[in-house]
Amino acid sequence: MNQVRTHAAANAKALAMFGKLLDKKAYQEIIDMESVEEIFTYLKTRTHYSAVLAGVEKPIDSYEIIMKRYFLCAYEKLSHFYFDAYKDFFKSLFLRYEVENLKLFARALFRQEDLTDINEHLIFSKHASSMDFLKISKARTMQELIDALEGTRYHKPLVPILQEESHRMLFHMEMILDQLYFNRLFETISALNRDDKASMMELLGMNIDVLNLQWIFRGRKYFEISSEELFHLTLSHGKKYPFKKLKALCYMDMEEYRELILMDDYGELFQEREYMLERAMERYLFYKVKRLIQKAEISISAPVGLLFMFEYEVRDLFTIMEAKKYRFENIEELLIRDLRRE
Amino acid sequence: MAIKELDMMNVVCQRKDLDELIKELILIEKCEFIDTFLEIDEGEFNIGISVDHADEILGMEDIEPINENKDIDESMEELNRILESIDYQPKIQRHELIQRDVFLVLREKISKICDEFIELAEQIKEKTEKIETINDLFYFEPLESYQLDFKELVDLKHFTMRLGYLKRERANKMYLNYENIKAIVLHMGAAQEQELYLVLSPKSIDQEMDRILRSINFHELTISKEYLGTPKEIMRQVKAAKKTNEDQLVQLKEISRKAIMENRATIDQLYSKIKMEKQMDLIRTKVAATKNFAYFSAWIPKEEKPAFEKIFSKFIDVAISYKSADEVSPHIPIPTRLQNNRFFQPFELLVNMYGIPSHNEIDPTVFFGVAYMFLFGAMFGDLGQGLMIVLGGMLLKRKIDKNFSSILIRIGLGSMAFGILYDSFFGYEGIISKFLPLPFYLRPLDNINLILALAVGAGIGLITISYGYSIVNKWKVGDLEEGLFGKNGINGLVLFFMILLLGAAMILEFENFPLVIPGSVIALNVVILVIKQPLANRIQGIEPLYEEEKGAYFIESGFNVFEVFLTLLSNLVSFVRVGAFALNHVGLFIAFHTLANMVGGIGGNIVMFIIGNLIILGLEGLIVFIQGLRLFYYELFSKYYSGEGILFVPDKI
């Protein structure tokens, strides 16, 4: 009864939204289209995006922002149905956008780009975030960026990275931000009801496993981070890889690491080319979440699952459009979803 | 009527006179400047076309805003920074505002006084910081039991010693991997709710160790070379140093206090003048200007025009025009100037908490004041306790918001008046009647039904007055639909009385009373409520008759009828609480009397008397205060008061 009272409204809303997401046929049609304009017209007239895109003319750039905001708005709407611990949980989910935005800033700083350009492409919840991105975007150096964060939860943990050599700074920053986000998520999930806690912990555990594997791989291959540091930076609360196993992974040589992972649950991640690692991770989570929604009764799973699926849809659509713009072949391979498996 | 009329004043003056004119207008404290470009853009800025004004009007083509002068902010910040560090709160000296310094001169003077204090300010800052760093060293306190010479550790040739905070969870992770870490990591104790660790590692791997420690968020503490030895010795030195530095700080503050005393007049003067400059600068940003002329607009009280004329007469070439609020473009919001007599003025606080009256609404403050005193008194009627509230209000006059303390005095008076009527003095009935034999006393517990009935009666009275307000307000804005046919208009009032009549006839069983008359009037009222919009639009000849779809309109207005009946009933029943609280007040006293009897003895009686009165005064007083507000906000204000205005705030220092 309690579960019904907590989740009924959000579940109804989420499932309704779920039904509107694009199906395999729609993706096929979109991929077969010739130009980006054609895709926009399709989205504008034949999909649920008509709700926000109708009446919007060019420039094409503005579509991206509108679609992202639309997604975030769905997020916020769902969060309004929840209270107390559940509200906190949703709020902590929103932190991801803050974290991702900060990573965007940091990466742009490293490429020595102007941060103000990024500013208009950021998405974040005005309800859940009190960050002053305008102020942050004025930073010209890492020092200024971290100074601009003063007063937020990110400031103190990030200060020590300023002592790192510049090429390692980015890696550390990203890991610390992820740590903050996932720790907060773990805290809020711990406060949920028993069943919801179990299902969300499972999702979180998988997410953390996959991230840890990726971090270890990248940290050793590209950033020359020592095994000790890597082990310290790995995220807690993984599902398949508790600290003991992680430690072993951190000290293995790369070939051995690869082989071991390939044999294990997350094997499919490393089967493809290395630059596709991130996409492979997302694909893995995509199907895990999908299964979660399919077997879920009234619980937190459907709303949270929807958010994953919705975001992945928006990102796949952007991928297709980008690919069309630059005339890529084999678009299917770039997508998070596997159209052959759908 | 307590909402006073405002006029819009448009002024053109010579650019060179602008500053002086603004200063005079700030000092008069009677006008609120608005962004002149609003007026100009709306095509509303007129000064009457005549040959005299030809230059001013022609110049308007090249009009520009005046930008903020950032130097003023800088100067002000400079002064504030110094004042903050020497801990002096300057006072505005009004007479210093009259004579203006040229800003550049003022800036010079401010710099000079700042220079005089800067050394002192820096010394104070330095000392304060020094004390802070010393305070940080108190982390050695929990280590006092260790017989460990930190001097030796720091001086090690081949090893680096680090001391710092580490979260236990992170430390555990490090211990999981201890065999791979080339360091000794020791838990030393807890300080300031954090775990303190000591790390000893070979100097040759310093860089690597730094990285590893960063990756577990090790917060390294600085070890001061000044204070070394065993933790006990270090703490002794640290404490002594703290004492010395604190003493020095006290001395410095004493010196600065003396210096301030000597320069107080100058500081106050400069502070007042720079405040004035800042205020003038803020107003200047609302002014439009050309090379030779300046144009500005402001709201002024209608009856104060002569005072303004007097100011303008001091300047040459000033063109002024006035407009009444009705003539101003609807895009420019009209502020509300509230002016109530001294007795009712404090109640504005409570009215404004709900909302500020619009400029074309009746100010409900007087009605609110009278009725609120009445309601509070009726619910909390006690001569002694009322007196306490009055005294409390007087005593707190300087401590809390002046308006709030004045409200306390007034509602305390209400409580005293009803206390006499209820014959209640600190809960004892029968004392007042002994000294002041009135022909009639209304003791609540002896007249339970009467008290409840009177409460509802009072409610009927207050609701009727609210209807009156509502009808007048609607009439003032020409809202025929709501004013005549709406639920809070004349139609609603008739419906209210007919329901009362019908109810009275049925309950009191009037003989030979034709129930059909009120019944059919009610039916007519309901029909009018349902068709009010098309009806009003037809009468006024407005097309289309319905603002939304016809079907939707009737469904909505059909349901509205239910709401009207429910509201009427709940409004009325709500006022029963006035009687209920009057009873409750006596009831609580009886409870405390009983407790006092149970305790027995004179001491017990006195203690219970004091405790009981305090609880009743604090707890019930607060509840009644809130309930009174609630009655107003929900049952009465919702009928007629929109409270969507903005307050008229004259520009001043």
# chains A, B, ... in the order shown; residues from 1 in each chain; ligands from 1
>>> interface_residues(of="chain B", to="chain A", cutoff="8 Å", atoms="only C-alpha atoms", output="short mmCIF file (atom, residue, chain, number, x, y, z; two decimals) with all heavy atoms, in the first residue's frame")
data_model
loop_
_atom_site.label_atom_id
_atom_site.label_comp_id
_atom_site.auth_asym_id
_atom_site.auth_seq_id
_atom_site.Cartn_x
_atom_site.Cartn_y
_atom_site.Cartn_z
N ARG B 170 38.33 6.46 4.28
CA ARG B 170 39.42 6.53 3.31
C ARG B 170 40.67 5.86 3.87
O ARG B 170 41.43 5.22 3.14
CB ARG B 170 39.74 7.99 2.96
CG ARG B 170 38.55 8.83 2.65
CD ARG B 170 37.97 8.51 1.33
NE ARG B 170 38.85 8.89 0.24
CZ ARG B 170 38.55 8.71 -1.03
NH1 ARG B 170 37.42 8.15 -1.36
NH2 ARG B 170 39.38 9.09 -1.97
N LYS B 173 40.52 2.24 3.41
CA LYS B 173 40.83 1.85 2.04
C LYS B 173 42.34 1.80 1.85
O LYS B 173 42.87 0.91 1.17
CB LYS B 173 40.19 2.86 1.08
CG LYS B 173 39.99 2.30 -0.30
CD LYS B 173 39.06 3.19 -1.09
CE LYS B 173 39.03 2.80 -2.54
NZ LYS B 173 38.23 3.70 -3.35
N MET B 174 43.01 2.73 2.50
CA MET B 174 44.46 2.76 2.40
C MET B 174 45.06 1.54 3.10
O MET B 174 45.99 0.92 2.60
CB MET B 174 44.97 4.05 3.04
CG MET B 174 46.44 4.22 2.94
SD MET B 174 46.81 5.93 2.61
CE MET B 174 48.22 6.15 3.61
N LEU B 176 43.70 -1.29 3.37
CA LEU B 176 43.46 -2.45 2.51
C LEU B 176 44.63 -2.67 1.55
O LEU B 176 44.88 -3.76 1.08
CB LEU B 176 42.20 -2.22 1.67
CG LEU B 176 40.85 -2.61 2.26
CD1 LEU B 176 39.75 -2.24 1.29
CD2 LEU B 176 40.81 -4.11 2.54
N ASN B 177 45.28 -1.57 1.24
CA ASN B 177 46.36 -1.62 0.26
C ASN B 177 47.70 -1.31 0.91
O ASN B 177 48.62 -0.86 0.27
CB ASN B 177 46.04 -0.59 -0.83
CG ASN B 177 46.84 -0.83 -2.09
OD1 ASN B 177 47.30 -1.94 -2.32
ND2 ASN B 177 47.02 0.21 -2.88
N ASN B 180 51.27 -2.21 -0.31
CA ASN B 180 51.85 -1.56 -1.48
C ASN B 180 52.30 -0.13 -1.22
O ASN B 180 52.84 0.53 -2.09
CB ASN B 180 50.83 -1.54 -2.61
CG ASN B 180 50.62 -2.93 -3.18
OD1 ASN B 180 51.58 -3.65 -3.44
ND2 ASN B 180 49.37 -3.31 -3.33
N ILE B 181 51.99 0.35 -0.04
CA ILE B 181 52.31 1.76 0.23
C ILE B 181 53.56 1.86 1.07
O ILE B 181 53.65 1.26 2.15
CB ILE B 181 51.11 2.43 0.92
CG1 ILE B 181 50.00 2.55 -0.12
CG2 ILE B 181 51.47 3.79 1.46
CD1 ILE B 181 48.74 3.08 0.39
N ARG B 211 51.07 12.45 -4.22
CA ARG B 211 49.97 12.06 -5.09
C ARG B 211 49.05 11.06 -4.41
O ARG B 211 47.83 11.18 -4.44
CB ARG B 211 50.52 11.42 -6.36
CG ARG B 211 51.09 12.41 -7.33
CD ARG B 211 51.62 11.65 -8.50
NE ARG B 211 52.26 12.54 -9.44
CZ ARG B 211 53.02 12.10 -10.43
NH1 ARG B 211 53.22 10.80 -10.59
NH2 ARG B 211 53.56 12.94 -11.27
N ILE B 212 49.66 10.07 -3.81
CA ILE B 212 48.85 9.03 -3.17
C ILE B 212 47.98 9.65 -2.07
O ILE B 212 46.80 9.35 -1.95
CB ILE B 212 49.76 7.93 -2.59
CG1 ILE B 212 50.39 7.15 -3.75
CG2 ILE B 212 48.98 6.99 -1.68
CD1 ILE B 212 51.34 6.07 -3.31
N ARG B 214 46.99 12.71 -1.82
CA ARG B 214 45.92 13.54 -2.40
C ARG B 214 44.77 12.66 -2.84
O ARG B 214 43.60 13.01 -2.71
CB ARG B 214 46.45 14.33 -3.59
CG ARG B 214 47.01 15.68 -3.21
CD ARG B 214 47.04 16.61 -4.40
NE ARG B 214 47.91 16.14 -5.46
CZ ARG B 214 49.25 16.34 -5.49
NH1 ARG B 214 49.85 16.99 -4.51
NH2 ARG B 214 49.97 15.90 -6.49
N SER B 215 45.12 11.48 -3.39
CA SER B 215 44.06 10.62 -3.91
C SER B 215 43.18 10.05 -2.81
O SER B 215 42.10 9.54 -3.08
CB SER B 215 44.65 9.50 -4.78
OG SER B 215 45.34 8.59 -3.95
N ILE B 216 43.62 10.11 -1.56
CA ILE B 216 42.69 9.70 -0.50
C ILE B 216 42.20 10.91 0.29
O ILE B 216 41.67 10.78 1.38
CB ILE B 216 43.29 8.69 0.50
CG1 ILE B 216 44.68 9.14 0.93
CG2 ILE B 216 43.27 7.28 -0.03
CD1 ILE B 216 45.18 8.38 2.12
N ASN B 217 42.36 12.10 -0.28
CA ASN B 217 41.85 13.32 0.37
C ASN B 217 42.50 13.58 1.73
O ASN B 217 41.82 13.92 2.69
CB ASN B 217 40.35 13.20 0.59
CG ASN B 217 39.61 13.88 -0.50
OD1 ASN B 217 40.16 14.73 -1.19
ND2 ASN B 217 38.35 13.51 -0.67
#
>>> select_by_dssp(residues="stretch 125-228 of chain A", states="alpha helix (DSSP H)", output="PyMOL selection string")
chain A and resi 133-136+142-148+155-158+166-190+194-222+227-228
>>> closest_residue(among="A:Leu185, A:Ile30, A:Leu306, A:Met252", to="A:Ala14", atoms="only C-alpha atoms")
A:Leu306
>>> closest_residue(among="B:Met76, B:Ile320, B:Ile362, B:Ile66", to="B:Glu5", atoms="only C-alpha atoms")
B:Ile362
>>> atom_distance(atom1="atom CA of B:Asp87", atom2="atom CA of B:Asn245")
18.2 Å
>>> residues_around(residues="B:Ala183", least_positions_apart="5", cutoff="9 Å", atoms="only C-alpha atoms", output="PDB file with N, CA, C and O atoms, in the first residue's frame")
ATOM      1  N   TYR B 178      47.755  -1.530   2.235  1.00  0.00           N
ATOM      2  CA  TYR B 178      48.907  -1.070   3.017  1.00  0.00           C
ATOM      3  C   TYR B 178      50.215  -1.671   2.522  1.00  0.00           C
ATOM      4  O   TYR B 178      51.254  -1.005   2.504  1.00  0.00           O
ATOM      5  N   VAL B 199      51.925  10.340   8.917  1.00  0.00           N
ATOM      6  CA  VAL B 199      52.453   9.552   7.820  1.00  0.00           C
ATOM      7  C   VAL B 199      53.962   9.774   7.738  1.00  0.00           C
ATOM      8  O   VAL B 199      54.418  10.913   7.703  1.00  0.00           O
ATOM      9  N   LEU B 200      54.695   8.664   7.721  1.00  0.00           N
ATOM     10  CA  LEU B 200      56.144   8.756   7.663  1.00  0.00           C
ATOM     11  C   LEU B 200      56.597   7.999   6.417  1.00  0.00           C
ATOM     12  O   LEU B 200      56.316   6.812   6.284  1.00  0.00           O
ATOM     13  N   SER B 201      57.300   8.701   5.508  1.00  0.00           N
ATOM     14  CA  SER B 201      57.699   8.013   4.277  1.00  0.00           C
ATOM     15  C   SER B 201      59.076   8.497   3.845  1.00  0.00           C
ATOM     16  O   SER B 201      59.470   9.610   4.187  1.00  0.00           O
ATOM     17  N   PRO B 202      59.794   7.662   3.061  1.00  0.00           N
ATOM     18  CA  PRO B 202      61.129   8.062   2.624  1.00  0.00           C
ATOM     19  C   PRO B 202      61.080   9.325   1.782  1.00  0.00           C
ATOM     20  O   PRO B 202      60.160   9.496   0.985  1.00  0.00           O
ATOM     21  N   MET B 209      54.348  10.035  -2.950  1.00  0.00           N
ATOM     22  CA  MET B 209      53.543   9.998  -1.730  1.00  0.00           C
ATOM     23  C   MET B 209      52.520  11.136  -1.714  1.00  0.00           C
ATOM     24  O   MET B 209      51.376  10.947  -1.292  1.00  0.00           O
TER      25      MET B 209
END
>>> closest_residue(among="B:Tyr197, B:Phe150, B:Tyr175, B:Phe592", to="B:Leu614", atoms="only C-alpha atoms")
B:Phe592
